[in-house]
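A.B. asks: Sharing a structure, written as structure tokens. Questions coming.
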Amino acid sequence: MESDQLAEQFAAQRFANGYELVDGVQMHAENGDHFQIPHPLLKKYIRADQFVELRIDSPRFSVHPDAPEQCTCPICEGEATKPILGHEHPATLVPLPLQQVPSRGWGEDFWVRVTDRRGQFFAGVVDNPLYEARLHELELGNQIVFHEDHVLAVHGSHREELVLAMAPGDLRAFIEWLGTLPD
């Protein structure tokens with residue numbers, strides 16, 4: 001079965017220096033509102049040619065002495081235990097000039113264009129030049145396999161498409177959930 005094939009590829013996938021994909025569901029459970037992820041109903045409708053955000057990180061590296069003590073993002077402003085580099089958009093949608101950032105072993109959020117989905121597993125292509133590629137060896141254009149729990153975000157350009165694809169019962173449940181969110 002093809003779903004098993006992606007699951008096997010995921011299980012066999014390894015990144016250098018102990019890097020792993022971060023489980024967004026686990027991070028949300030540990031950090032609550034300070035770590036938002038897409039609702040499971042949005043993830044249910046992700047398909048090929050859509051962009052999702054993932055994070056790769058390694059426990060082998062820690063915060064550097066010159067890093068800020070507090071997180072500078074507007075969401076959490078919490079303790080900066082380890083900086084995370086990020087890419088606001090996929091390179092396909094918003095190409096940026098190559099930026100030189102010294103490798104420090106930090107985590108990195110990046111965009112992937114989904115190429116296949118089988119159950120809860122996805123295959124995709126990395127769609128950002130990654131700053132820490134020298135350490136984790138994951139580069140723009142590489143194939144990657146991941147579980148839906150690793151999805152940290154769905155690119156905003158796909159949100160309407162996802163909602164319009166929902167079955168009536170799922171749409172009703174999603175609207176009810178939206179009604180529980182603070183303004």
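Labels for the structure tokens follow display order: chains A, B, ..., residues from 1 in each chain, ligands from 1.
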Could you give me, as a count of residues only, the residues within 8 Å of Pro129 of chain A, counting only C-alpha atoms and dropping anything in the same chain fewer than 5 positions from it?
C.D. replies: 4
A.B. asks: Excluding segment 9-17 of chain A and its own-chain neighbours fewer than 4 positions away, which residues fall within 8 Å of it when counting only C-alpha atoms? Please give them as number ranges by chain.
C.D. replies: A: 5, 58, 60, 135-138, 145-147
A.B. asks: Could you take the residues named above and write them with all heavy atoms, as a tab-separated table (two decimals), in the first residue's frame?
C.D. replies:
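And here's result-v1.tsv as it stands now:
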chain	number	residue	atom	x	y	z
A	5	GLN	N	4.33	2.98	2.14
A	5	GLN	CA	5.58	3.36	1.51
A	5	GLN	C	6.07	4.71	2.06
A	5	GLN	O	7.25	4.85	2.39
A	5	GLN	CB	5.42	3.43	0.00
A	5	GLN	CG	6.72	3.73	-0.73
A	5	GLN	CD	6.52	3.82	-2.22
A	5	GLN	OE1	5.40	3.98	-2.72
A	5	GLN	NE2	7.61	3.73	-2.96
A	58	SER	N	17.80	20.44	16.33
A	58	SER	CA	18.67	19.41	16.90
A	58	SER	C	18.94	19.71	18.36
A	58	SER	O	19.26	20.85	18.71
A	58	SER	CB	20.00	19.36	16.15
A	58	SER	OG	20.89	18.47	16.80
A	60	ARG	N	21.50	18.81	19.83
A	60	ARG	CA	22.97	18.88	19.97
A	60	ARG	C	23.46	20.31	20.14
A	60	ARG	O	24.58	20.53	20.56
A	60	ARG	CB	23.65	18.27	18.76
A	60	ARG	CG	23.52	16.77	18.69
A	60	ARG	CD	24.35	16.19	17.60
A	60	ARG	NE	25.74	16.54	17.77
A	60	ARG	CZ	26.66	16.42	16.83
A	60	ARG	NH1	26.34	15.93	15.65
A	60	ARG	NH2	27.91	16.76	17.05
A	135	LEU	N	24.73	22.18	8.40
A	135	LEU	CA	24.65	21.32	9.58
A	135	LEU	C	23.65	20.18	9.43
A	135	LEU	O	23.92	19.05	9.83
A	135	LEU	CB	24.32	22.15	10.83
A	135	LEU	CG	25.39	23.18	11.21
A	135	LEU	CD1	24.90	24.07	12.33
A	135	LEU	CD2	26.67	22.48	11.60
A	136	HIS	N	22.47	20.45	8.88
A	136	HIS	CA	21.47	19.37	8.78
A	136	HIS	C	21.40	18.74	7.39
A	136	HIS	O	20.75	17.73	7.22
A	136	HIS	CB	20.08	19.83	9.23
A	136	HIS	CG	19.60	21.10	8.61
A	136	HIS	ND1	19.43	21.29	7.26
A	136	HIS	CD2	19.24	22.27	9.20
A	136	HIS	CE1	18.98	22.51	7.03
A	136	HIS	NE2	18.85	23.12	8.20
A	137	GLU	N	22.06	19.37	6.42
A	137	GLU	CA	22.18	18.86	5.05
A	137	GLU	C	20.85	18.78	4.30
A	137	GLU	O	20.69	18.00	3.38
A	137	GLU	CB	22.91	17.50	5.03
A	137	GLU	CG	24.30	17.60	5.61
A	137	GLU	CD	25.03	16.27	5.71
A	137	GLU	OE1	24.42	15.20	5.45
A	137	GLU	OE2	26.22	16.30	6.05
A	138	LEU	N	19.90	19.60	4.70
A	138	LEU	CA	18.62	19.70	4.00
A	138	LEU	C	18.65	21.00	3.20
A	138	LEU	O	18.88	22.07	3.76
A	138	LEU	CB	17.47	19.72	5.02
A	138	LEU	CG	16.05	19.67	4.48
A	138	LEU	CD1	15.82	18.40	3.67
A	138	LEU	CD2	15.06	19.74	5.63
A	145	VAL	N	9.98	13.71	3.59
A	145	VAL	CA	8.75	13.02	3.98
A	145	VAL	C	8.44	13.43	5.41
A	145	VAL	O	9.35	13.52	6.25
A	145	VAL	CB	8.92	11.48	3.86
A	145	VAL	CG1	7.64	10.77	4.28
A	145	VAL	CG2	9.29	11.10	2.43
A	146	PHE	N	7.16	13.68	5.69
A	146	PHE	CA	6.78	14.14	7.02
A	146	PHE	C	5.37	13.68	7.36
A	146	PHE	O	4.59	13.30	6.48
A	146	PHE	CB	6.92	15.66	7.15
A	146	PHE	CG	6.15	16.44	6.11
A	146	PHE	CD1	4.90	16.97	6.39
A	146	PHE	CD2	6.68	16.66	4.84
A	146	PHE	CE1	4.19	17.68	5.44
A	146	PHE	CE2	5.99	17.37	3.88
A	146	PHE	CZ	4.74	17.89	4.18
A	147	HIS	N	5.05	13.74	8.64
A	147	HIS	CA	3.73	13.37	9.17
A	147	HIS	C	2.92	14.65	9.34
A	147	HIS	O	3.48	15.73	9.55
A	147	HIS	CB	3.93	12.66	10.52
A	147	HIS	CG	2.68	12.08	11.08
A	147	HIS	ND1	1.79	12.81	11.83
A	147	HIS	CD2	2.17	10.82	11.00
A	147	HIS	CE1	0.79	12.04	12.20
A	147	HIS	NE2	0.99	10.82	11.70
A.B. asks: Using only C-alpha atoms, can you tell me which of A:Asn31, A:Tyr19, A:Ile37, A:Glu8 comes closest to Leu152 of chain A?
C.D. replies: A:Ile37
A.B. asks: Select, from A:Ala29, A:Ile84, A:Val52, A:Leu6, the residue with the minimum atom-to-atom distance to Leu130 of chain A, counting only C-alpha atoms.
C.D. replies: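 Of the candidates, the smallest distance to Leu130 of chain A is held by A:Ile84.
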A.B. asks: Of the candidates A:Leu42, A:Gln120, A:Pro90, A:Glu30, which shows the shortest atom-to-atom distance to Phe174 of chain A, using only C-alpha atoms?
C.D. replies: A:Leu42
A.B. asks: Taking only C-alpha atoms into account, which of A:Val126, A:Leu181, A:Val25, A:Ala48 comes nearest Ile144 of chain A?
C.D. replies: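 Using only C-alpha atoms, Ile144 of chain A sits closest to A:Val126.
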A.B. asks: Extract the full set of strand (DSSP E or B) residues from chain A according to DSSP on the backbone, and format it as a PyMOL selection string.
C.D. replies: chain A and resi 20-21+51-57+70+79+84-85+107-118+121-126+143-147+153-154
A.B. asks: What is the distance between atom CA of Phe122 of chain A and atom CA of Glu53 of chain A, in Å to one decimal?
C.D. replies: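 It comes out at 12.4 Å.
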A.B. asks: Considering only C-alpha atoms, can you say which of A:His39, A:Glu148, A:Asp33, A:Gly24 comes closest to Arg118 of chain A?
C.D. replies: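 Under the stated criterion, the closest residue is A:Glu148.
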A.B. asks: Quick one: distance from atom CA of Arg113 of chain A to atom CA of Asp4 of chain A in Å, one decimal?
C.D. replies: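 Distance between the two atoms: 20.8 Å.
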A.B. asks: With distances taken over only C-alpha atoms, which of A:Arg134, A:His89, A:His34, A:Arg172 is nearest to Val112 of chain A?
C.D. replies: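 Under the stated criterion, the closest residue is A:His89.
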A.B. asks: Just give me the gap between atom CA of Gly86 of chain A and atom CA of Leu164 of chain A in Å, one decimal is fine.
C.D. replies: 28.7 Å
